[in-house]
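Here's input.txt, which has compact mmCIF, C-alpha atoms:
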# COMPACT_ATOMS: atom_id res chain seq x y z
CA MET A 1 89.93 115.33 40.92
CA THR A 2 89.27 111.94 42.45
CA VAL A 3 87.71 109.25 40.21
CA ALA A 4 88.84 107.56 36.99
CA PHE A 5 86.83 105.03 34.98
CA LEU A 6 89.05 102.35 33.43
CA PHE A 7 88.11 100.33 30.34
CA PRO A 8 89.91 97.00 29.72
CA GLY A 9 91.14 95.59 26.44
CA GLN A 10 91.34 92.20 24.79
CA GLY A 11 92.08 89.40 27.24
CA SER A 12 89.34 90.37 29.71
CA GLN A 13 86.56 88.67 27.74
CA PHE A 14 84.83 85.44 28.79
CA PRO A 15 81.84 83.45 27.45
CA GLY A 16 78.51 84.89 28.55
CA MET A 17 80.03 88.21 29.61
CA LEU A 18 77.20 90.36 28.26
CA GLN A 19 74.65 88.52 30.39
CA SER A 20 76.66 89.23 33.55
CA LEU A 21 76.17 93.00 33.26
CA PRO A 22 74.10 94.78 35.93
CA ALA A 23 70.34 94.78 35.46
CA HIS A 24 69.79 98.42 34.51
CA PRO A 25 67.73 100.33 31.90
CA ALA A 26 70.90 101.87 30.40
CA VAL A 27 72.43 98.42 29.93
CA GLU A 28 69.33 97.10 28.21
CA ALA A 29 69.08 100.20 26.02
CA THR A 30 72.75 99.94 25.00
CA MET A 31 72.38 96.26 24.10
CA ASP A 32 69.27 97.02 22.01
CA GLU A 33 70.99 99.96 20.31
CA ALA A 34 74.03 97.88 19.43
CA SER A 35 71.89 95.02 18.09
CA SER A 36 70.02 97.47 15.89
CA ILE A 37 73.16 99.16 14.55
CA LEU A 38 75.03 95.90 13.95
CA GLN A 39 71.87 94.20 12.63
CA GLN A 40 72.50 91.15 14.77
CA ASP A 41 71.68 90.03 18.30
CA VAL A 42 74.70 91.11 20.32
CA LEU A 43 74.34 88.04 22.52
CA SER A 44 75.65 86.10 19.52
CA LEU A 45 79.03 87.78 20.11
CA HIS A 46 79.91 86.24 23.47
CA SER A 47 79.64 82.49 22.99
CA SER A 48 82.84 80.45 23.30
CA ALA A 49 82.84 79.87 19.55
CA ALA A 50 82.23 83.53 18.72
CA LEU A 51 85.02 84.72 21.01
CA ALA A 52 87.54 82.91 18.83
CA SER A 53 87.08 85.88 16.49
CA THR A 54 88.91 89.15 17.13
CA VAL A 55 85.89 91.00 15.73
CA SER A 56 83.45 89.42 18.19
CA VAL A 57 85.80 89.93 21.12
CA GLN A 58 86.38 93.62 20.49
CA LEU A 59 82.73 94.39 19.79
CA ALA A 60 81.61 92.53 22.91
CA LEU A 61 84.15 94.44 25.01
CA LEU A 62 82.98 97.77 23.61
CA ILE A 63 79.31 97.01 24.23
CA SER A 64 79.92 95.72 27.77
CA GLU A 65 82.03 98.69 28.79
CA VAL A 66 79.80 101.37 27.28
CA ALA A 67 76.69 99.76 28.81
CA ALA A 68 78.25 99.73 32.28
CA GLY A 69 79.60 103.26 31.92
CA ARG A 70 76.22 104.57 30.81
CA ALA A 71 74.53 102.90 33.78
CA LEU A 72 76.91 104.66 36.16
CA LEU A 73 76.41 108.01 34.45
CA GLN A 74 72.63 107.62 34.51
CA ASP A 75 72.75 106.90 38.24
CA GLY A 76 74.80 110.03 38.87
CA ALA A 77 78.27 108.50 39.24
CA LEU A 78 80.56 110.69 37.15
CA PRO A 79 84.29 110.24 36.48
CA ASP A 80 86.87 112.98 36.57
CA PHE A 81 88.94 111.11 33.96
CA VAL A 82 88.60 108.14 31.62
CA ALA A 83 91.29 105.76 30.39
CA GLY A 84 91.02 102.69 28.18
CA HIS A 85 93.56 99.95 27.55
CA SER A 86 93.96 99.13 23.82
CA VAL A 87 90.47 98.70 22.30
CA GLY A 88 89.10 99.92 25.63
CA ALA A 89 90.16 103.39 24.50
CA PHE A 90 87.13 103.46 22.18
CA SER A 91 84.82 102.79 25.14
CA ALA A 92 86.59 105.53 27.09
CA ALA A 93 86.09 107.93 24.19
CA VAL A 94 82.35 107.15 24.09
CA ILE A 95 81.84 107.64 27.82
CA SER A 96 83.92 110.82 27.74
CA GLY A 97 81.47 112.24 25.19
CA ALA A 98 84.09 112.52 22.45
CA LEU A 99 82.85 109.68 20.21
CA ASP A 100 79.33 108.63 19.26
CA PHE A 101 78.44 105.02 20.13
CA ARG A 102 77.27 104.26 16.59
CA ASP A 103 80.59 105.47 15.19
CA SER A 104 82.51 103.47 17.80
CA LEU A 105 80.78 100.25 16.73
CA TYR A 106 81.71 100.91 13.12
CA LEU A 107 85.32 101.76 13.97
CA VAL A 108 85.92 98.86 16.34
CA LYS A 109 84.42 96.40 13.86
CA LEU A 110 86.65 97.82 11.13
CA ARG A 111 89.72 97.82 13.39
CA ALA A 112 89.21 94.22 14.47
CA SER A 113 88.51 93.03 10.92
CA LEU A 114 91.66 94.69 9.60
CA MET A 115 93.70 93.18 12.43
CA GLU A 116 92.30 89.71 11.91
CA ASN A 117 92.73 89.76 8.14
CA SER A 118 96.27 91.12 8.30
CA PHE A 119 97.57 88.21 10.37
CA PRO A 120 95.35 85.14 9.99
CA SER A 121 97.96 82.83 11.53
CA GLY A 122 101.48 82.51 12.90
CA TYR A 123 101.50 85.69 15.00
CA GLY A 124 100.34 86.67 18.46
CA MET A 125 101.35 88.08 21.83
CA GLY A 126 102.99 86.97 25.05
CA VAL A 127 103.37 88.32 28.58
CA ILE A 128 106.47 88.51 30.77
CA VAL A 129 106.10 89.07 34.52
CA GLY A 130 108.94 89.62 36.96
CA ILE A 131 111.56 91.19 34.70
CA ARG A 132 111.96 94.95 34.51
CA GLU A 133 111.38 96.98 31.35
CA GLN A 134 115.04 97.78 30.65
CA LYS A 135 115.98 94.10 30.55
CA VAL A 136 113.02 93.17 28.31
CA ARG A 137 113.93 96.01 25.97
CA SER A 138 117.50 94.72 25.73
CA MET A 139 116.18 91.23 24.92
CA VAL A 140 113.92 92.64 22.19
CA ALA A 141 116.78 94.70 20.76
CA ALA A 142 119.04 91.63 20.62
CA ALA A 143 116.30 89.64 18.87
CA SER A 144 115.80 92.45 16.37
CA LYS A 145 119.49 92.37 15.44
CA GLN A 146 118.95 88.72 14.51
CA ASP A 147 115.98 89.70 12.29
CA LYS A 148 113.46 88.27 14.76
CA GLU A 149 109.96 89.80 14.73
CA VAL A 150 109.48 90.58 18.41
CA PHE A 151 108.31 93.94 19.77
CA ILE A 152 107.33 95.59 23.05
CA ALA A 153 103.53 95.98 22.97
CA ASN A 154 102.16 96.94 26.40
CA LEU A 155 103.97 98.42 29.39
CA ASN A 156 101.34 97.44 31.93
CA SER A 157 103.39 97.78 35.10
CA PRO A 158 107.08 97.98 36.03
CA GLN A 159 107.29 94.19 35.91
CA GLN A 160 104.48 93.16 33.58
CA ILE A 161 105.26 93.67 29.91
CA THR A 162 103.49 92.32 26.85
CA ILE A 163 105.38 91.46 23.67
CA ALA A 164 104.04 90.91 20.16
CA GLY A 165 105.30 89.34 16.97
CA LYS A 166 105.86 86.04 15.20
CA LEU A 167 104.94 83.05 17.36
CA GLU A 168 108.17 81.12 16.89
CA HIS A 169 110.19 84.20 17.84
CA LEU A 170 107.94 84.98 20.82
CA GLU A 171 108.31 81.43 22.11
CA ARG A 172 112.11 81.69 22.04
CA MET A 173 112.04 84.95 23.98
CA LEU A 174 109.62 83.54 26.56
CA ILE A 175 111.96 80.59 27.12
CA GLU A 176 114.83 83.05 27.60
CA ALA A 177 112.75 85.11 30.05
CA ARG A 178 111.94 82.06 32.16
CA ALA A 179 115.60 81.09 32.15
CA ILE A 180 116.64 84.42 33.71
CA GLY A 181 113.98 84.39 36.42
CA ALA A 182 110.64 85.58 35.05
CA ARG A 183 107.79 84.56 37.37
CA LYS A 184 105.58 84.14 34.32
CA ALA A 185 106.38 84.09 30.61
CA GLU A 186 103.72 82.65 28.34
CA LEU A 187 101.75 83.19 25.17
CA LEU A 188 98.42 84.98 25.38
CA HIS A 189 95.18 83.90 23.74
CA VAL A 190 95.57 86.66 21.14
CA THR A 191 96.07 85.84 17.47
CA VAL A 192 97.22 89.27 16.28
CA PRO A 193 100.52 91.09 17.02
CA SER A 194 98.90 94.22 18.43
CA HIS A 195 100.61 97.49 19.36
CA CYS A 196 103.68 97.22 17.20
CA LYS A 197 104.83 98.42 13.80
CA LEU A 198 103.50 95.28 12.10
CA LEU A 199 100.07 96.92 12.38
CA ASN A 200 101.07 100.23 10.78
CA PRO A 201 98.91 99.44 7.69
CA VAL A 202 95.90 98.88 9.96
CA SER A 203 96.55 102.20 11.71
CA HIS A 204 96.78 104.04 8.37
CA GLN A 205 93.48 102.57 7.15
CA LEU A 206 91.78 103.34 10.44
CA LYS A 207 93.03 106.92 10.33
CA ARG A 208 91.61 107.39 6.82
CA SER A 209 88.25 106.00 7.89
CA MET A 210 88.15 108.32 10.90
CA GLU A 211 88.58 111.44 8.74
CA SER A 212 84.85 111.42 7.96
CA ILE A 213 83.75 110.83 11.58
CA GLU A 214 83.00 113.73 13.89
CA LEU A 215 84.57 113.72 17.34
CA LYS A 216 83.89 116.29 20.04
CA ASP A 217 85.99 117.70 22.84
CA PRO A 218 85.42 115.33 25.78
CA ARG A 219 83.23 116.08 28.77
CA PHE A 220 85.67 114.09 30.90
CA PRO A 221 89.40 114.28 30.09
CA TYR A 222 90.80 111.22 28.31
CA ILE A 223 94.20 109.62 28.96
CA ALA A 224 96.03 108.57 25.78
CA ASN A 225 97.35 105.05 25.15
CA THR A 226 100.19 106.14 22.91
CA ASN A 227 101.88 108.70 25.18
CA ALA A 228 99.99 108.62 28.52
CA ARG A 229 99.05 112.27 28.19
CA LEU A 230 95.86 114.01 29.30
CA LEU A 231 93.78 114.88 26.22
CA ARG A 232 91.02 117.49 26.15
CA LYS A 233 90.68 118.03 22.39
CA ALA A 234 88.82 115.96 19.81
CA GLY A 235 91.68 115.96 17.31
CA ALA A 236 94.16 114.55 19.81
CA ILE A 237 91.75 111.78 20.80
CA ARG A 238 91.18 110.96 17.12
CA ASP A 239 94.93 110.53 16.62
CA ASP A 240 95.29 108.34 19.70
CA LEU A 241 92.45 106.03 18.63
CA ALA A 242 93.83 105.67 15.11
CA CYS A 243 97.49 105.26 16.06
CA GLY A 244 97.06 103.16 19.19
CA VAL A 245 96.80 99.83 17.38
CA ALA A 246 100.37 100.14 16.05
CA ASN A 247 102.03 101.75 19.07
CA ILE A 248 103.00 100.71 22.59
CA VAL A 249 100.30 101.04 25.28
CA HIS A 250 101.88 103.05 28.09
CA TRP A 251 99.41 101.85 30.70
CA HIS A 252 101.58 102.16 33.80
CA LYS A 253 102.49 105.73 32.89
CA ALA A 254 98.81 106.49 32.28
CA THR A 255 97.66 105.23 35.67
CA THR A 256 100.64 106.86 37.39
CA LEU A 257 99.63 110.18 35.80
CA LEU A 258 96.09 109.71 37.11
CA SER A 259 97.43 109.11 40.60
CA GLU A 260 99.58 112.24 40.35
CA LEU A 261 96.49 114.21 39.25
CA GLY A 262 94.82 113.25 42.52
CA VAL A 263 92.74 110.24 41.55
CA ARG A 264 91.87 108.20 44.64
CA LEU A 265 89.49 105.69 43.05
CA PHE A 266 89.89 103.56 39.93
CA LEU A 267 86.66 101.92 38.81
CA GLU A 268 87.10 99.26 36.12
CA MET A 269 84.25 98.58 33.71
CA PRO A 270 83.32 94.96 33.03
CA PRO A 271 84.35 92.42 31.96
CA GLY A 272 86.98 91.21 34.35
CA HIS A 273 89.40 92.77 36.80
CA ILE A 274 92.77 92.80 35.00
CA LEU A 275 93.27 96.57 35.30
CA THR A 276 92.21 96.49 38.94
CA SER A 277 94.82 93.82 39.70
CA LEU A 278 97.52 95.86 37.95
CA ALA A 279 96.60 98.94 39.97
CA HIS A 280 96.64 97.00 43.25
CA GLN A 281 100.22 95.94 42.52
CA ALA A 282 101.62 99.13 41.05
CA LEU A 283 99.61 101.85 42.84
CA PRO A 284 98.42 100.44 46.18
CA SER A 285 97.63 103.92 47.53
CA VAL A 286 94.74 104.23 45.05
CA GLN A 287 91.55 102.34 45.81
CA SER A 288 90.86 100.09 42.82
CA ILE A 289 87.55 98.30 42.23
CA ALA A 290 86.18 96.20 39.38
CA LEU A 291 82.48 96.65 38.69
CA GLU A 292 82.47 92.94 37.78
CA GLU A 293 82.97 92.24 41.50
CA THR A 294 80.89 95.07 42.96
CA ARG A 295 77.18 95.92 43.06
CA LEU A 296 76.29 98.85 40.83
CA ASP A 297 74.68 100.79 43.68
CA SER A 298 77.80 100.25 45.79
CA ALA A 299 79.98 101.60 42.98
CA VAL A 300 77.74 104.65 42.64
CA TYR A 301 78.02 105.25 46.37
CA LEU A 302 81.82 105.01 46.32
CA VAL A 303 82.15 107.41 43.38
CA ASN A 304 79.88 109.99 44.98
CA ARG A 305 81.60 109.60 48.35
CA GLU A 306 84.93 110.44 46.71
CA HIS A 307 83.42 113.55 45.17
CA GLU A 308 81.99 114.59 48.54
CA TYR A 309 85.47 114.24 50.09
CA ASP A 310 86.86 116.34 47.25
CA ARG A 311 84.32 119.11 47.82
CA ALA A 312 84.95 119.06 51.56
Representation of the structure as structure tokens:
Amino acid sequence: MTVAFLFPGQGSQFPGMLQSLPAHPAVEATMDEASSILQQDVLSLHSSAALASTVSVQLALLISEVAAGRALLQDGALPDFVAGHSVGAFSAAVISGALDFRDSLYLVKLRASLMENSFPSGYGMGVIVGIREQKVRSMVAAASKQDKEVFIANLNSPQQITIAGKLEHLERMLIEARAIGARKAELLHVTVPSHCKLLNPVSHQLKRSMESIELKDPRFPYIANTNARLLRKAGAIRDDLACGVANIVHWHKATTLLSELGVRLFLEMPPGHILTSLAHQALPSVQSIALEETRLDSAVYLVNREHEYDRA
């Protein structure tokens, strides 16, 4: 077991991202399919103005990641595992074979709309770098005792933790983090308090909507956001997709599990290279590459070379 495809979440997007994808028939076909299903030109999703919307951001991420993943599959580069960060989990589920692309577009659009409508203003997320998890947890617990709305959201690496909640409460905690030595402590360009209990109503609605959608056991095992476990059954993946929005993303545990399972190559789908940078820092023994920064044919070569080593 040697190769994992990684699918990034919100924060990786940038204007024009869909036009930076590799020139490949699978990419073109995915873009056309998405435009037909959504009944709009998907290139309207990635302008600077459009990316101010959570809905546009999450749909653009899904389309970009699925298009790139399909191109790799079509060229014979197959993963042994898939893992997606936050909304990237839906892309991972599609490429794994568990979730149909049409259904993923419907679900991600619903998810993003519910998130955006639940918290139109005054809430968001921040990132703290350079302070370990135990200390951040104690800070969050102290804030909670003072009725502050601040929550752990993403455990990205041992010293990179994302928090979510009310902006005024987040700002106070970020000031505190800088005061005790954080290398970085700032608000993110995210307008929704993702991955905390504030989004329980969104999770419940998403779970109800998913009851009528068929999922299949995955072709490639899927790593869960909510508990960093290896999932091989459709029902477990359904639960992870529905519950992920209101629960902590255990990303460091997920990538550590992949390393322990023998993965020697992480290949991040576009856009961006956030997950690649995290892996370089936390798991330097694993080769980590972002397709954004690599030719498609080179990525195909590297994936197949890893599989040849595995067979040998």
- Message: Show me, as a list in words, the residues that have an atom within 8 Å of Ile131 (chain A) when counting all atoms listed in the file, minus same-chain residues fewer than 4 positions from it.
- Response: Lys135, Val136, Gln159, Gln160, Ala177, Gly181 and Ala182 of chain A
- Query: region 185-193 of chain A: which residues within 7 Å, counting only C-alpha atoms, same-chain residues fewer than 2 positions away excluded, as a list in words?
  - Reply: Met115, Glu116, Phe119, Ser121, Tyr123, Gly124, Met125, Gly126, Val127, Ile128, Val129, Ala164, Gly165, Leu174, Ala177, Arg178, Ala182, Arg183, His195 and Cys196 of chain A
- For Gly97 (chain A), the closest of A:Lys166, A:Arg172, A:Lys233, A:His280 counting all atoms listed in the file is A:Lys233
Around all the atoms of region 184-198 of chain A listed in the file, with 5 Å of room on each side, what axis-aligned box do you get, giving centre and edge lengths in Å to one decimal, as AutoDock Vina command-line options?
--center_x 100.8 --center_y 90.5 --center_z 23.2 --size_x 21.2 --size_y 25.8 --size_z 32.2
- Note on the structure: If you count all atoms listed in the file, the residue of A:His24, A:Arg232, A:His273, A:His252 closest to Asp75 (chain A) turns out to be A:His24
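For the pair CA of Lys148 (chain A) and CA of Pro201 (chain A), the interatomic distance is 19.7 Å.
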- Ala282 (chain A) environment, 8 Å, all atoms listed in the file, sequence neighbours closer than 4 positions dropped, as a VMD selection string: chain A and resid 157 to 158 252 278
- Task: Could you give me, as an MDAnalysis selection string, the residues that sit within 9 Å of (84.9, 112.3, 15.2) in the file's coordinates, counting only C-alpha atoms?
- Result: chainID A and resid 98:100 103 210:216 234:235 237:238
Would you export the selected residues with C-alpha atoms as a JSON list (two decimals), keeping the file's coordinate frame, please?
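The result, written out as part_22.json:
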[["chain", "number", "residue", "atom", "x", "y", "z"],
["A", 98, "ALA", "CA", 84.09, 112.52, 22.45],
["A", 99, "LEU", "CA", 82.85, 109.68, 20.21],
["A", 100, "ASP", "CA", 79.33, 108.63, 19.26],
["A", 103, "ASP", "CA", 80.59, 105.47, 15.19],
["A", 210, "MET", "CA", 88.15, 108.32, 10.90],
["A", 211, "GLU", "CA", 88.58, 111.44, 8.74],
["A", 212, "SER", "CA", 84.85, 111.42, 7.96],
["A", 213, "ILE", "CA", 83.75, 110.83, 11.58],
["A", 214, "GLU", "CA", 83.00, 113.73, 13.89],
["A", 215, "LEU", "CA", 84.57, 113.72, 17.34],
["A", 216, "LYS", "CA", 83.89, 116.29, 20.04],
["A", 234, "ALA", "CA", 88.82, 115.96, 19.81],
["A", 235, "GLY", "CA", 91.68, 115.96, 17.31],
["A", 237, "ILE", "CA", 91.75, 111.78, 20.80],
["A", 238, "ARG", "CA", 91.18, 110.96, 17.12]]
Polymer residues at most 9 Å from Leu230 (chain A), all atoms listed in the file, same-chain spacing of 2 or more positions, as a compact mmCIF listing (two decimals) with C-alpha atoms, in the coordinates of the input:
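In the end it all went to around.txt:
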# COMPACT_ATOMS: atom_id res chain seq x y z
CA PHE A 81 88.94 111.11 33.96
CA PRO A 221 89.40 114.28 30.09
CA TYR A 222 90.80 111.22 28.31
CA ILE A 223 94.20 109.62 28.96
CA ALA A 224 96.03 108.57 25.78
CA ALA A 228 99.99 108.62 28.52
CA ARG A 232 91.02 117.49 26.15
CA ALA A 254 98.81 106.49 32.28
CA LEU A 257 99.63 110.18 35.80
CA LEU A 258 96.09 109.71 37.11
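Note that CA of Ser91 (chain A) and CA of Ala246 (chain A) are 18.2 Å apart.
The space separating CA of Glu308 (chain A) from CA of Gly262 (chain A) comes to 14.2 Å.
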- Message: Please list as a ChimeraX atom specification every residue within 12 Å of Pro284 (chain A), counting only C-alpha atoms and excluding residues in the same chain fewer than 5 positions away.
- Response: /A:255-256,259,264-266,276-279,289
Can you spit out the residues from that selection as an mmCIF file, in the frame of the given file, using C-alpha atoms?
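Saved the output as again29.cif:
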data_model
loop_
_atom_site.group_PDB
_atom_site.id
_atom_site.type_symbol
_atom_site.label_atom_id
_atom_site.label_comp_id
_atom_site.auth_asym_id
_atom_site.auth_seq_id
_atom_site.Cartn_x
_atom_site.Cartn_y
_atom_site.Cartn_z
ATOM 1 C CA THR A 255 97.660 105.230 35.670
ATOM 2 C CA THR A 256 100.640 106.860 37.390
ATOM 3 C CA SER A 259 97.430 109.110 40.600
ATOM 4 C CA ARG A 264 91.870 108.200 44.640
ATOM 5 C CA LEU A 265 89.490 105.690 43.050
ATOM 6 C CA PHE A 266 89.890 103.560 39.930
ATOM 7 C CA THR A 276 92.210 96.490 38.940
ATOM 8 C CA SER A 277 94.820 93.820 39.700
ATOM 9 C CA LEU A 278 97.520 95.860 37.950
ATOM 10 C CA ALA A 279 96.600 98.940 39.970
ATOM 11 C CA ILE A 289 87.550 98.300 42.230
#
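Take the candidates A:Glu171, A:Glu306, A:Asp32, A:Asp240 and check each one against His85 (chain A) using only C-alpha atoms; the shortest distance goes to A:Asp240.
Each of A:Lys109, A:Lys184, A:Arg295, A:Arg229 was checked against Leu206 (chain A) using only C-alpha atoms; the smallest atom-to-atom distance is that of A:Lys109.
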